[in-house]
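These notes concern the structure reproduced below.
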Amino acid sequence: MTIDLMALAATAVTSFLVPYVKIGAEKIVEAFSSRMGEQTADKLSDLTGKVWSTVTGAFQSPKEQTTLELFKENPDEMQEMLIKKLHEKLSQDATLAQSLSELINKPVADGSMTGAQIMQAGIAGIADLRNANLANAQNLTIAGVIQGDPTVGSAKPKSNG
């Protein structure tokens, strides 16, 4: 499987590093506990810390350290720059790219974490089946359609009624 390095860099920065810098590791657990449960929030915090360590460990030179400092001071303004620099690092280091990809995309064994990121898709679908028991399901059909261009006005679900 080919790794989209730009998407990987963007995901690492926007989904993990920006929140890590903006609210801090301790506050991530607090912020997500009420929405996801404490166990999931703990796992997310741990994962975010690992992503932070992996990325920052790749930035070793004084110039790269300055890049990280600028990002920490202004994460919103500097995230595009960090995405670009991380993409360069990932392009030069296949091991780093593989490690970061596995870290971010690793499924959670107990299924306690859910999430999806769909990028550059014309058609996509997600079925949220949390707490569903499909162990003995037969002839199961799960379907749903939302039509409309979300960039034009607001897309409203179409009903068959």
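Residues in the structure tokens are numbered from 1 in each chain, the chains being A, B, ... in the order shown, and ligands are numbered from 1 in the order shown.
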**Report entry** Within 12 Å of Glu102 in chain A using only C-alpha atoms, minus same-chain residues under 6 positions, as a list in words
**Finding:**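 Near Glu102 in chain A, the qualifying residues are Met1, Ile3, Leu8, Ala12, Leu47, Lys50, Val51, Thr54, Thr95, Leu96 and Val108 of chain A.
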Query raised in the report: Pick from A:Thr141, A:Asn105, A:Glu64, A:Ser15: nearest to Lys85 in chain A, with only C-alpha atoms counted?
Result: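 When distances to Lys85 in chain A are compared using only C-alpha atoms, the smallest one comes from A:Glu64.
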**Report entry** Val18 in chain A environment, 12 Å, only C-alpha atoms, sequence neighbours closer than 5 positions dropped, as a PyMOL selection string
**Finding:** chain A and resi 10-13+23-25+28+48-49+51-52+68+71-80+82-83
Query raised in the report: At what distance in Å, to one decimal, does CA of Thr56 in chain A lie from CA of Phe16 in chain A?
Result: 12.3 Å
Query - Nearest candidate to Val55 in chain A (options A:Val21, A:Lys84, A:Gln92, A:Ala9; using only C-alpha atoms) - result: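 Smallest separation from Val55 in chain A among the options: A:Ala9.
Note that the spacing between CA of Lys106 in chain A and CA of Phe59 in chain A amounts to 23.2 Å.
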Requested in this report: Would you return as a PyMOL selection string the members of range 56-118 of chain A that DSSP assigns to helix (DSSP H, G or I) on this structure's backbone?
Outcome: chain A and resi 56-58+62-73+75-92+94-105
**Report entry** Among listed residues A:Ser99, A:Leu44, A:Ala58, A:Ile104, nearest Leu86 in chain A (using only C-alpha atoms)
**Finding:**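 Of the candidates, the smallest distance to Leu86 in chain A is held by A:Ala58.
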